[in-house]
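Below is one structure, written out as structure tokens; the observations come after it.
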Amino acid sequence: MQRVLLLTYGLLLRLYPPAFRRRFGEEMLEVAEAADFSEWPLIFGDTSIAIVRCWLEGSPSTVATVDADAYVPLGQSRPSTSRLLPGLAISIMLIVGMCYAGYRWPPPCQDGGYVLTRIVAPTPARAPDSRQGTRAPAQPTVEPQ
């Protein structure tokens, strides 16, 4: 089934303008090969709309030209130490800062962390009131500081 879908998609790609097809055709086929079966309706729908739009509006994309010296292998041109040191210094400061923040700012419910409130032990309830047959509400007690 995947092969039939890819053949149909390849025929659909032939409807694009030639310049667009030369520039993006192979890449679009690679993406389609990696697609799941459930994604094919979206692929066909999007491609159909894009073909019409490409013929009506045109494609502003052009082939990128590359200068002869645009890519230099790292072995021929090593970066200088003066360019690497600022990046190293910033990286070290960020790592140290994050470690310090993690040390000084513990999670809220951690044992041994900062106590924001002090919980007082509950007081025992009073004996039932003999007049009404119910218990009177307990009066809160406050411990001296």
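Residue numbering restarts at 1 in every chain; chains get A, B, ... in the order shown in the structure tokens, and ligands count up from 1 in that same order.
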
Give me the residues near A:Ala50 as a CSV table (one decimal) with C-alpha atoms, in the first residue's frame, where near means some atom within 12 Å (using only C-alpha atoms) and where sequence neighbours in that chain fewer than 5 positions away do not count.
```csv
chain,number,residue,atom,x,y,z
A,12,LEU,CA,1.1,14.4,-8.1
A,13,LEU,CA,4.5,16.1,-7.7
A,15,LEU,CA,2.1,18.8,-11.5
A,16,TYR,CA,4.3,21.4,-9.8
A,17,PRO,CA,6.2,23.9,-12.0
A,20,PHE,CA,9.9,24.1,-8.0
A,42,LEU,CA,-3.2,15.4,4.9
A,43,ILE,CA,-0.3,15.0,2.6
A,44,PHE,CA,-2.5,14.7,-0.5
A,45,GLY,CA,-4.7,17.5,0.5
A,55,TRP,CA,0.9,27.9,-10.4
A,56,LEU,CA,-1.3,31.0,-9.5
A,57,GLU,CA,1.2,32.9,-7.3
A,58,GLY,CA,4.5,31.5,-8.5
A,59,SER,CA,7.3,30.3,-6.4
```

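The two atoms in question, atom CA of A:Ser80 and atom CA of A:Gly97, are spaced 26.7 Å apart.
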
- [ ] Please measure the separation of atom CA of A:Glu30 and atom CA of A:Leu6, giving the value in Å to one decimal.
- [x]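 Separation of atom CA of A:Glu30 and atom CA of A:Leu6: 9.9 Å.
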
Open item on the list: Calculated over only C-alpha atoms, which of the candidates A:Gly87, A:Gly25, A:Gly102, A:Pro79 has the smallest distance to A:Thr47?
Closed with: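 The shortest atom-to-atom distance to A:Thr47 comes from A:Gly25.
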
Task: Nearest-residue call for A:Leu5, choices A:Ile49, A:Asp36, A:Phe24, A:Ile92, using only C-alpha atoms - done: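 Smallest separation from A:Leu5 among the options: A:Asp36.
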
Task: Atom pair atom CA of A:Tyr103 / atom CA of A:Pro86: separation (Å) - done: 25.7 Å
